[in-house]
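See below for the structure under consideration.
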Amino acid sequence: MRGFHCVDPAHGRIVFTGADDEELFGNIKAHAAEAHPALTETQIREMMAGADWWRSMATSGNNAGSSPSAYDK
Ligand SMILES: [Zn+2]
């Protein structure tokens with residue numbers, strides 16, 4: 001099981017899970033389509049992989065507390 005959580009002032013903390021990365025990606029993508037329409041699929045995959053730009057956003061500012069990357073659950 002894979003996990004990821006998104007923290008944003010607009011919706012608080014939301015936890016996502018998936019049997020594998022593809023299922024997890026689908027769940028995050030569905031959320032992003034409604035809550036974060038500016039995010040591209042490529043950016044979501046980078047978030048899951050723990051890209052440097054996302055890692056810094058996940059630890060400071062509006063998204064502080066979000067997962068810096070997908071994790072085993
Ligand atoms: Zn979100």
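Every chain in the structure tokens takes a letter, A first, then B, and so on in the order presented; its residues are numbered from 1, and the ligands are numbered from 1 following the presented order.
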Can you pull out every residue with an atom within 7 Å of ligand 1? Use only C-alpha atoms and all ligand atoms and format it as a PDB file with N, CA and C atoms, in the first residue's frame.
ATOM      1  N   CYS A   6      -1.911  15.504   1.300  1.00  0.00           N
ATOM      2  CA  CYS A   6      -1.885  16.861   0.773  1.00  0.00           C
ATOM      3  C   CYS A   6      -2.442  17.786   1.847  1.00  0.00           C
ATOM      4  N   VAL A   7      -1.668  18.802   2.201  1.00  0.00           N
ATOM      5  CA  VAL A   7      -2.126  19.794   3.173  1.00  0.00           C
ATOM      6  C   VAL A   7      -2.191  21.144   2.476  1.00  0.00           C
ATOM      7  N   ASP A   8      -3.337  21.794   2.558  1.00  0.00           N
ATOM      8  CA  ASP A   8      -3.532  23.082   1.907  1.00  0.00           C
ATOM      9  C   ASP A   8      -4.532  23.881   2.747  1.00  0.00           C
ATOM     10  N   HIS A  11      -8.284  23.142   2.080  1.00  0.00           N
ATOM     11  CA  HIS A  11      -8.980  21.901   2.412  1.00  0.00           C
ATOM     12  C   HIS A  11      -8.393  21.151   3.590  1.00  0.00           C
ATOM     13  N   ILE A  14      -5.606  16.009   3.678  1.00  0.00           N
ATOM     14  CA  ILE A  14      -6.298  14.900   3.034  1.00  0.00           C
ATOM     15  C   ILE A  14      -5.275  13.794   2.790  1.00  0.00           C
ATOM     16  N   HIS A  31      -8.134  14.350  -7.094  1.00  0.00           N
ATOM     17  CA  HIS A  31      -8.177  15.440  -6.119  1.00  0.00           C
ATOM     18  C   HIS A  31      -7.621  16.728  -6.739  1.00  0.00           C
ATOM     19  N   ALA A  32      -6.494  16.609  -7.435  1.00  0.00           N
ATOM     20  CA  ALA A  32      -5.851  17.793  -8.010  1.00  0.00           C
ATOM     21  C   ALA A  32      -6.746  18.452  -9.053  1.00  0.00           C
ATOM     22  N   ALA A  35      -9.079  20.485  -6.727  1.00  0.00           N
ATOM     23  CA  ALA A  35      -8.508  21.408  -5.744  1.00  0.00           C
ATOM     24  C   ALA A  35      -7.278  22.159  -6.250  1.00  0.00           C
ATOM     25  N   HIS A  36      -6.558  21.551  -7.191  1.00  0.00           N
ATOM     26  CA  HIS A  36      -5.311  22.160  -7.674  1.00  0.00           C
ATOM     27  C   HIS A  36      -5.235  22.066  -9.188  1.00  0.00           C
TER      28      HIS A  36
END
| query | Looking only at the backbone, which of the residues in chain A does DSSP tag as strand (DSSP E), as a ChimeraX atom specification? | reply | /A:2-8,12-18,71-72
| task | Find the residues near Ala19 of chain A: any atom within 12 Å, counting only C-alpha atoms, skip ones fewer than 4 places away on the same chain, and give them as a VMD selection string. | result | chain A and resid 1 to 4 23 to 27 71 to 73
For N, CA and C atoms, I'd like the residues from the last selection saved as a tab-separated table (two decimals), in the first residue's frame.
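This is the output file result_8.tsv:
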chain	number	residue	atom	x	y	z
A	1	MET	N	0.85	-1.20	0.00
A	1	MET	CA	0.00	0.00	0.00
A	1	MET	C	0.89	1.25	0.00
A	2	ARG	N	0.52	2.19	-0.86
A	2	ARG	CA	1.28	3.44	-0.93
A	2	ARG	C	0.42	4.57	-0.38
A	3	GLY	N	1.07	5.57	0.19
A	3	GLY	CA	0.33	6.69	0.77
A	3	GLY	C	0.94	8.03	0.39
A	4	PHE	N	0.10	9.05	0.53
A	4	PHE	CA	0.53	10.42	0.26
A	4	PHE	C	-0.49	11.32	0.94
A	23	GLU	N	-2.38	3.42	-8.73
A	23	GLU	CA	-3.67	3.69	-8.08
A	23	GLU	C	-3.58	4.95	-7.24
A	24	LEU	N	-2.46	5.12	-6.54
A	24	LEU	CA	-2.26	6.32	-5.74
A	24	LEU	C	-2.27	7.56	-6.64
A	25	PHE	N	-1.58	7.46	-7.77
A	25	PHE	CA	-1.54	8.58	-8.72
A	25	PHE	C	-2.95	8.95	-9.18
A	26	GLY	N	-3.79	7.96	-9.47
A	26	GLY	CA	-5.15	8.23	-9.91
A	26	GLY	C	-5.95	8.97	-8.86
A	27	ASN	N	-5.76	8.60	-7.59
A	27	ASN	CA	-6.49	9.26	-6.52
A	27	ASN	C	-6.03	10.70	-6.33
A	71	TYR	N	4.89	7.38	0.10
A	71	TYR	CA	5.56	6.52	1.08
A	71	TYR	C	4.84	5.18	1.18
A	72	ASP	N	5.58	4.18	1.67
A	72	ASP	CA	4.98	2.87	1.91
A	72	ASP	C	4.09	2.94	3.14
A	73	LYS	N	2.95	2.26	3.09
A	73	LYS	CA	1.98	2.36	4.17
A	73	LYS	C	1.58	0.97	4.62
| said: Residues within 9 Å of segment 51-64 of chain A, please, as a list in words. Count only C-alpha atoms; anything in the same chain fewer than 4 positions from it doesn't count. | reply: Cys6, Val7, Asp8, Pro9, Gln43, Arg45, Glu46, Met47, Pro68 and Ser69 of chain A
Take the residues that were just selected and, keeping N, CA and C atoms, output them as a compact mmCIF listing (two decimals), in the first residue's frame.
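Output saved as out-v2.txt:
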# COMPACT_ATOMS: atom_id res chain seq x y z
N CYS A 6 -1.91 15.50 1.30
CA CYS A 6 -1.88 16.86 0.77
C CYS A 6 -2.44 17.79 1.85
N VAL A 7 -1.67 18.80 2.20
CA VAL A 7 -2.13 19.79 3.17
C VAL A 7 -2.19 21.14 2.48
N ASP A 8 -3.34 21.79 2.56
CA ASP A 8 -3.53 23.08 1.91
C ASP A 8 -4.53 23.88 2.75
N PRO A 9 -4.34 25.19 2.88
CA PRO A 9 -5.29 25.99 3.67
C PRO A 9 -6.73 25.85 3.16
N GLN A 43 3.74 17.11 -12.91
CA GLN A 43 4.06 17.67 -11.60
C GLN A 43 3.59 16.75 -10.48
N ARG A 45 3.41 13.50 -10.60
CA ARG A 45 4.38 12.39 -10.54
C ARG A 45 5.67 12.86 -9.88
N GLU A 46 6.07 14.11 -10.14
CA GLU A 46 7.27 14.64 -9.50
C GLU A 46 7.06 14.78 -7.99
N MET A 47 5.85 15.20 -7.58
CA MET A 47 5.55 15.29 -6.15
C MET A 47 5.68 13.92 -5.50
N PRO A 68 6.45 14.99 1.54
CA PRO A 68 7.49 15.37 0.60
C PRO A 68 7.61 14.38 -0.55
N SER A 69 7.01 13.19 -0.38
CA SER A 69 7.00 12.18 -1.44
C SER A 69 5.98 11.10 -1.05
| Interatomic distance between atom CA of Ala70 of chain A and atom CA of Ala38 of chain A? | 20.0 Å
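For segment 33-63 of chain A, backbone-based DSSP labels the following residues as alpha helix (DSSP H): Ala33, Glu34, Ala35, Glu41, Thr42, Gln43, Ile44, Arg45, Glu46, Met47, Met48, Ala49, Asp52, Trp53, Trp54, Arg55, Ser56, Met57 and Ala58 of chain A.
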Same residues, C-alpha atoms, output as a compact mmCIF listing (two decimals), in the first residue's frame:
# COMPACT_ATOMS: atom_id res chain seq x y z
CA ALA A 33 -8.38 18.20 -10.82
CA GLU A 34 -10.79 19.78 -8.32
CA ALA A 35 -8.51 21.41 -5.74
CA GLU A 41 0.17 15.13 -14.36
CA THR A 42 3.93 15.47 -14.69
CA GLN A 43 4.06 17.67 -11.60
CA ILE A 44 1.96 15.18 -9.62
CA ARG A 45 4.38 12.39 -10.54
CA GLU A 46 7.27 14.64 -9.50
CA MET A 47 5.55 15.29 -6.15
CA MET A 48 5.16 11.54 -5.61
CA ALA A 49 8.83 11.04 -6.48
CA ASP A 52 13.35 19.10 -4.93
CA TRP A 53 10.87 21.86 -5.84
CA TRP A 54 8.06 19.95 -4.17
CA ARG A 55 10.12 18.88 -1.16
CA SER A 56 10.75 22.56 -0.33
CA MET A 57 7.06 23.48 -0.83
CA ALA A 58 5.95 20.57 1.36
| One-decimal distance in Å that lies between atom CA of Phe16 of chain A and atom CA of Ala30 of chain A | 10.7 Å
